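A.B. asks: Next comes start.json, JSON, C-alpha atoms and all ligand atoms:
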```json
[["chain", "number", "residue", "atom", "x", "y", "z"],
["A", 1, "MET", "CA", 23.36, 58.02, 52.83],
["A", 2, "ALA", "CA", 22.26, 54.61, 54.03],
["A", 3, "VAL", "CA", 19.08, 56.11, 55.41],
["A", 4, "ASN", "CA", 18.37, 57.83, 52.14],
["A", 5, "ARG", "CA", 18.81, 54.64, 50.23],
["A", 6, "ASN", "CA", 16.44, 52.81, 52.56],
["A", 7, "LEU", "CA", 13.92, 55.57, 52.12],
["A", 8, "VAL", "CA", 14.18, 55.29, 48.36],
["A", 9, "ILE", "CA", 13.67, 51.52, 48.53],
["A", 10, "LEU", "CA", 10.71, 51.97, 50.86],
["A", 11, "THR", "CA", 9.15, 54.57, 48.56],
["A", 12, "ILE", "CA", 9.57, 52.38, 45.49],
["A", 13, "GLY", "CA", 8.02, 49.49, 47.40],
["A", 14, "LEU", "CA", 5.01, 51.58, 48.34],
["A", 15, "LEU", "CA", 4.58, 52.84, 44.79],
["A", 16, "CYS", "CA", 4.60, 49.28, 43.45],
["A", 17, "THR", "CA", 2.02, 48.17, 45.98],
["A", 18, "ASN", "CA", -0.19, 51.09, 45.06],
["A", 19, "ALA", "CA", 0.18, 50.37, 41.35],
["A", 20, "ALA", "CA", -0.94, 46.76, 41.83],
["A", 21, "PHE", "CA", -3.83, 47.97, 43.98],
["A", 22, "ALA", "CA", -4.85, 50.51, 41.31],
["A", 23, "ASP", "CA", -4.85, 47.77, 38.63],
["A", 24, "ASP", "CA", -7.12, 45.62, 40.79],
["A", 25, "GLN", "CA", -9.49, 48.50, 41.36],
["A", 26, "LYS", "CA", -9.59, 49.26, 37.65],
["A", 27, "ALA", "CA", -10.26, 45.61, 36.87],
["A", 28, "GLN", "CA", -13.10, 45.57, 39.36],
["A", 29, "VAL", "CA", -14.66, 48.70, 37.88],
["A", 30, "ASN", "CA", -14.35, 47.23, 34.37],
["A", 31, "TYR", "CA", -16.01, 44.04, 35.59],
["A", 32, "MET", "CA", -18.90, 46.12, 36.96],
["A", 33, "LEU", "CA", -19.24, 48.12, 33.75],
["A", 34, "HIS", "CA", -18.69, 45.41, 31.13],
["A", 35, "CYS", "CA", -19.48, 42.00, 32.61],
["A", 36, "GLN", "CA", -21.59, 42.16, 35.74],
["A", 37, "GLY", "CA", -24.83, 42.88, 33.86],
["A", 38, "CYS", "CA", -24.85, 39.28, 32.64],
["A", 39, "HIS", "CA", -22.48, 37.54, 35.07],
["A", 40, "LEU", "CA", -23.84, 39.26, 38.23],
["A", 41, "PRO", "CA", -21.77, 40.80, 41.07],
["A", 42, "GLY", "CA", -20.63, 37.51, 42.59],
["A", 43, "ALA", "CA", -19.96, 35.99, 39.12],
["A", 44, "GLU", "CA", -22.67, 33.45, 39.89],
["A", 45, "GLY", "CA", -24.32, 33.81, 36.45],
["A", 46, "SER", "CA", -27.83, 32.49, 35.89],
["A", 47, "ALA", "CA", -28.69, 28.83, 35.49],
["A", 48, "GLY", "CA", -29.08, 27.66, 31.91],
["A", 49, "ARG", "CA", -28.06, 31.03, 30.44],
["A", 50, "VAL", "CA", -24.84, 32.45, 31.86],
["A", 51, "PRO", "CA", -22.34, 29.95, 33.31],
["A", 52, "PRO", "CA", -21.20, 30.50, 36.91],
["A", 53, "MET", "CA", -17.59, 31.69, 37.15],
["A", 54, "ASN", "CA", -17.37, 31.79, 40.95],
["A", 55, "ASP", "CA", -15.55, 28.80, 42.41],
["A", 56, "PHE", "CA", -15.24, 27.38, 38.91],
["A", 57, "ILE", "CA", -13.50, 29.45, 36.24],
["A", 58, "GLY", "CA", -10.05, 28.51, 37.60],
["A", 59, "TYR", "CA", -10.52, 24.93, 36.37],
["A", 60, "PHE", "CA", -10.16, 26.16, 32.78],
["A", 61, "LEU", "CA", -6.55, 27.12, 33.54],
["A", 62, "HIS", "CA", -5.69, 23.42, 33.89],
["A", 63, "SER", "CA", -5.36, 23.14, 30.10],
["A", 64, "GLN", "CA", -3.97, 25.32, 27.34],
["A", 65, "ALA", "CA", -7.23, 25.05, 25.39],
["A", 66, "GLY", "CA", -9.12, 26.13, 28.51],
["A", 67, "ARG", "CA", -6.81, 29.08, 29.05],
["A", 68, "GLU", "CA", -7.37, 30.20, 25.47],
["A", 69, "PHE", "CA", -11.13, 29.68, 25.74],
["A", 70, "LEU", "CA", -11.38, 32.22, 28.57],
["A", 71, "ILE", "CA", -10.13, 34.97, 26.26],
["A", 72, "ARG", "CA", -11.81, 33.69, 23.08],
["A", 73, "VAL", "CA", -15.39, 33.62, 24.44],
["A", 74, "PRO", "CA", -17.41, 36.38, 22.77],
["A", 75, "GLY", "CA", -18.07, 38.35, 26.00],
["A", 76, "VAL", "CA", -14.33, 38.73, 26.57],
["A", 77, "ALA", "CA", -13.04, 38.89, 22.98],
["A", 78, "HIS", "CA", -15.57, 41.56, 21.98],
["A", 79, "ALA", "CA", -15.43, 43.62, 25.19],
["A", 80, "ALA", "CA", -14.93, 47.35, 24.58],
["A", 81, "LEU", "CA", -11.64, 47.22, 26.48],
["A", 82, "THR", "CA", -7.99, 47.37, 25.40],
["A", 83, "ASP", "CA", -5.83, 44.24, 25.43],
["A", 84, "ALA", "CA", -4.09, 45.55, 28.55],
["A", 85, "GLU", "CA", -7.44, 46.12, 30.28],
["A", 86, "VAL", "CA", -8.65, 42.63, 29.34],
["A", 87, "SER", "CA", -5.49, 40.99, 30.67],
["A", 88, "GLU", "CA", -5.74, 42.96, 33.94],
["A", 89, "LEU", "CA", -9.42, 42.13, 34.21],
["A", 90, "MET", "CA", -8.96, 38.41, 33.59],
["A", 91, "ASN", "CA", -6.00, 38.12, 35.97],
["A", 92, "TRP", "CA", -8.06, 39.83, 38.66],
["A", 93, "LEU", "CA", -11.22, 37.84, 37.85],
["A", 94, "VAL", "CA", -9.76, 34.33, 38.11],
["A", 95, "GLN", "CA", -8.05, 35.16, 41.41],
["A", 96, "ARG", "CA", -10.96, 37.09, 42.88],
["A", 97, "PHE", "CA", -13.65, 34.52, 42.12],
["A", 98, "SER", "CA", -11.86, 31.20, 41.71],
["A", 99, "ARG", "CA", -8.46, 31.23, 43.37],
["A", 100, "GLU", "CA", -8.92, 27.78, 44.89],
["A", 101, "GLN", "CA", -9.53, 26.11, 41.53],
["A", 102, "LEU", "CA", -6.43, 27.57, 39.86],
["A", 103, "PRO", "CA", -3.48, 25.29, 39.18],
["A", 104, "THR", "CA", -0.61, 25.96, 41.58],
["A", 105, "GLU", "CA", 1.53, 27.12, 38.66],
["A", 106, "PHE", "CA", -0.98, 29.68, 37.36],
["A", 107, "ILE", "CA", 0.75, 32.13, 35.02],
["A", 108, "SER", "CA", -0.88, 35.52, 34.46],
["A", 109, "PHE", "CA", -2.37, 36.38, 31.08],
["A", 110, "THR", "CA", -0.10, 38.72, 29.14],
["A", 111, "VAL", "CA", -1.18, 41.61, 26.94],
["A", 112, "ALA", "CA", 0.38, 39.98, 23.85],
["A", 113, "GLU", "CA", -1.44, 36.72, 24.54],
["A", 114, "VAL", "CA", -4.78, 38.51, 24.88],
["A", 115, "ASN", "CA", -4.11, 40.46, 21.70],
["A", 116, "GLU", "CA", -3.63, 37.26, 19.73],
["A", 117, "LEU", "CA", -6.40, 35.16, 21.27],
["A", 118, "ARG", "CA", -9.21, 37.67, 21.11],
["A", 119, "ARG", "CA", -8.88, 37.90, 17.33],
["A", 120, "ASP", "CA", -9.87, 34.25, 17.13],
["A", 121, "VAL", "CA", -13.36, 34.49, 18.64],
["A", 122, "GLU", "CA", -14.90, 31.15, 19.70],
["A", 123, "GLN", "CA", -17.89, 30.56, 17.41],
["A", 124, "SER", "CA", -19.40, 27.65, 19.40],
["A", 125, "PRO", "CA", -18.76, 28.44, 23.08],
["A", 126, "ASP", "CA", -21.13, 25.79, 24.45],
["A", 127, "THR", "CA", -19.60, 22.93, 22.46],
["A", 128, "ALA", "CA", -16.06, 24.14, 23.12],
["A", 129, "ARG", "CA", -16.77, 24.49, 26.84],
["A", 130, "SER", "CA", -18.08, 20.92, 27.19],
["A", 131, "LEU", "CA", -15.17, 19.46, 25.25],
["A", 132, "ILE", "CA", -12.54, 21.43, 27.17],
["A", 133, "LEU", "CA", -14.02, 20.54, 30.56],
["A", 134, "ALA", "CA", -14.33, 16.86, 29.59],
["A", 135, "ASN", "CA", -10.65, 16.81, 28.60],
["A", 136, "ILE", "CA", -9.57, 18.54, 31.80],
["A", 137, "ALA", "CA", -11.61, 16.07, 33.88],
["A", 138, "ALA", "CA", -10.11, 13.12, 31.97],
["A", 139, "ASP", "CA", -6.57, 14.40, 32.56],
["A", 140, "ASN", "CA", -7.17, 15.28, 36.23],
["A", 141, "PRO", "CA", -9.27, 12.55, 37.89],
["A", 142, "ALA", "CA", -9.04, 14.43, 41.21],
["A", 143, "LEU", "CA", -10.98, 17.36, 39.68],
["A", 144, "ALA", "CA", -13.46, 15.31, 37.65],
["A", 145, "ASN", "CA", -16.13, 15.19, 40.33],
["A", 146, "GLU", "CA", -16.17, 18.95, 40.93],
["A", 147, "ILE", "CA", -16.07, 19.72, 37.22],
["A", 148, "SER", "CA", -18.95, 17.39, 36.44],
["A", 149, "LYS", "CA", -21.19, 19.21, 38.94],
["A", 150, "ASN", "CA", -21.05, 22.25, 36.71],
["A", 151, "LYS", "CA", -22.74, 21.53, 33.42],
["A", 152, "ASN", "CA", -24.51, 24.89, 33.21],
["A", 201, "LIG", "C1", -24.49, 39.96, 27.21],
["A", 201, "LIG", "C2", -24.14, 39.12, 28.34],
["A", 201, "LIG", "C3", -22.67, 38.94, 28.68],
["A", 201, "LIG", "C4", -21.72, 39.90, 28.89],
["A", 201, "LIG", "C5", -21.89, 41.41, 28.86],
["A", 201, "LIG", "C6", -20.50, 39.19, 29.21],
["A", 201, "LIG", "N1", -20.71, 37.84, 29.18],
["A", 201, "LIG", "FE1", -19.34, 36.42, 29.58],
["A", 201, "LIG", "N2", -20.66, 35.00, 29.03],
["A", 201, "LIG", "C7", -21.98, 35.21, 28.68],
["A", 201, "LIG", "C8", -22.56, 33.96, 28.22],
["A", 201, "LIG", "C9", -24.00, 33.74, 27.74],
["A", 201, "LIG", "C10", -21.55, 32.99, 28.30],
["A", 201, "LIG", "C11", -21.60, 31.52, 27.86],
["A", 201, "LIG", "C12", -20.86, 31.36, 26.56],
["A", 201, "LIG", "C13", -21.49, 32.12, 25.44],
["A", 201, "LIG", "O1", -22.64, 31.83, 25.08],
["A", 201, "LIG", "O2", -20.83, 33.07, 24.97],
["A", 201, "LIG", "C14", -20.36, 33.68, 28.82],
["A", 201, "LIG", "C15", -19.15, 33.06, 29.05],
["A", 201, "LIG", "C16", -18.06, 33.67, 29.62],
["A", 201, "LIG", "C17", -16.85, 32.99, 29.99],
["A", 201, "LIG", "C18", -16.58, 31.51, 29.86],
["A", 201, "LIG", "C19", -17.02, 30.86, 31.16],
["A", 201, "LIG", "C20", -17.59, 29.49, 31.03],
["A", 201, "LIG", "O3", -17.72, 28.82, 32.07],
["A", 201, "LIG", "O4", -17.97, 29.06, 29.92],
["A", 201, "LIG", "C21", -16.01, 33.94, 30.52],
["A", 201, "LIG", "C22", -14.62, 33.72, 31.07],
["A", 201, "LIG", "C23", -16.71, 35.19, 30.47],
["A", 201, "LIG", "N3", -17.95, 34.99, 29.92],
["A", 201, "LIG", "C24", -16.19, 36.37, 30.93],
["A", 201, "LIG", "C25", -16.79, 37.61, 30.68],
["A", 201, "LIG", "C26", -16.16, 38.86, 30.98],
["A", 201, "LIG", "C27", -14.80, 39.01, 31.63],
["A", 201, "LIG", "C28", -17.01, 39.83, 30.56],
["A", 201, "LIG", "C29", -16.79, 41.32, 30.61],
["A", 201, "LIG", "C30", -15.63, 41.82, 29.91],
["A", 201, "LIG", "C31", -18.18, 39.17, 30.01],
["A", 201, "LIG", "N4", -18.02, 37.83, 30.09],
["A", 201, "LIG", "C32", -19.29, 39.82, 29.50],
["A", 201, "LIG", "C33", -22.64, 36.41, 28.75],
["A", 201, "LIG", "C34", -22.02, 37.65, 28.86]]
```
Would you mind writing the file out in structure tokens?
C.D. replies:
Amino acid sequence: MAVNRNLVILTIGLLCTNAAFADDQKAQVNYMLHCQGCHLPGAEGSAGRVPPMNDFIGYFLHSQAGREFLIRVPGVAHAALTDAEVSELMNWLVQRFSREQLPTEFISFTVAEVNELRRDVEQSPDTARSLILANIAADNPALANEISKNKN
């Protein structure tokens, strides 16, 4: 009996690991299909046109306005993906490309949050971006130098 129970626990554990792995793979495929054309495979973007997300996008999670901005930008809000797919994609994206810049208390995007935010598409991304980053830098002097290097 004890053995059986251990086996059941082991099997459940393996299934969970596989489910998380499958979500990551799906997120990666969606990134390739829906985002990479502009943002490029390493999320490096292109100077003056598409902002780099690698080693940077995590800074936005240091403020609520920044967190919301990441879902409200047109490329994300208008993506031909479900709310669940967008939340999976964004949770994968920030950790894949910018884990080091995330706040220690990073909380994953939820499906409900994505559903609400993407209805309110940011109409002036460039202005919003500058303002949000300036506020984050002002509130976090330790990050200000790194943030100011990235003006796109
Ligand atoms: C047609 C090109 C294009 C596509 C496709 C695209 N983006 Fe973007 N993305 C941009 C541009 C340009 C910006 C700068 C803001 C703006 O002008 O919308 C941007 C900004 C962003 C930002 C804000 C980053 C910052 O530093 O300002 C995020 C996050 C983002 N995109 C994620 C995505 C994701 C995720 C996808 C795929 C679901 C995607 N984008 C698809 C062009 C694109």
A.B. asks: Give the answer as one residue: which of A:Ala137, A:Leu117, A:Leu143, A:Met53 has the shortest atom-to-atom distance to Leu93 of chain A, using only C-alpha atoms?
C.D. replies: A:Met53
A.B. asks: Around ligand LIG 201 (chain A), which protein and nucleic acid residues have at least one atom no more than 9 Å from it, if we count all atoms listed in the file? List them as JSON, numbers by chain.
C.D. replies: {"A": [30, 31, 32, 33, 34, 35, 36, 37, 38, 39, 45, 48, 49, 50, 51, 52, 53, 56, 57, 60, 69, 70, 71, 72, 73, 74, 75, 76, 77, 78, 79, 80, 81, 86, 89, 90, 93, 94, 122, 123, 124, 125, 126, 128, 129, 130, 150, 151, 152]}
A.B. asks: Tell me, in Å to one decimal, how far atom CA of Glu113 of chain A is from atom CA of Ala144 of chain A.
C.D. replies: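 Interatomic distance, atom CA of Glu113 of chain A to atom CA of Ala144 of chain A: 27.8 Å.
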A.B. asks: Have a look at A:Ala27, A:Leu131, A:Ala22, A:Ala84 and name the one nearest to Ala112 of chain A; count all atoms listed in the file.
C.D. replies: A:Ala84
A.B. asks: One decimal, in Å: what's the spacing between atom CA of Asn140 of chain A and atom CA of Phe97 of chain A?
C.D. replies: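 So the answer is 21.1 Å.
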A.B. asks: With 5 Å of padding per side, what axis-aligned box (centre and edge lengths, Å, one decimal) covers all the listed atoms of segment 108-116 of chain A? Give it as JSON.
C.D. replies:
```
{"center_x": -2.2, "center_y": 38.6, "center_z": 27.1, "size_x": 15.2, "size_y": 16.1, "size_z": 24.7}
```
A.B. asks: Which one of A:Gln64, A:Asn115, A:Asn54, A:Gln101 sits closest to Ser87 of chain A if you count all atoms listed in the file?
C.D. replies: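 Among the listed residues, A:Asn115 lies closest to Ser87 of chain A.
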A.B. asks: I'd like the interatomic distance between atom CA of Ser98 of chain A and atom CA of Arg119 of chain A, to a tenth of an Å.
C.D. replies: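 According to the coordinates, atom CA of Ser98 of chain A and atom CA of Arg119 of chain A are separated by 25.5 Å.
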A.B. asks: Using only C-alpha atoms, find the one residue out of A:Asp83, A:Val8, A:His62, A:Asp120 that sits nearest to Asp139 of chain A.
C.D. replies: A:His62
A.B. asks: Measuring atom to atom with all atoms listed in the file, identify which of A:Glu68, A:Ala47, A:Leu40, A:Arg96 is nearest to Glu116 of chain A.
C.D. replies: A:Glu68
A.B. asks: Kindly indicate which residue among A:Ala43, A:Pro141, A:Thr11, A:Asn91 lies nearest to Asp24 of chain A, using all atoms listed in the file for the distances.
C.D. replies: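 Looking at the shortest contact to Asp24 of chain A, the residue is A:Asn91.
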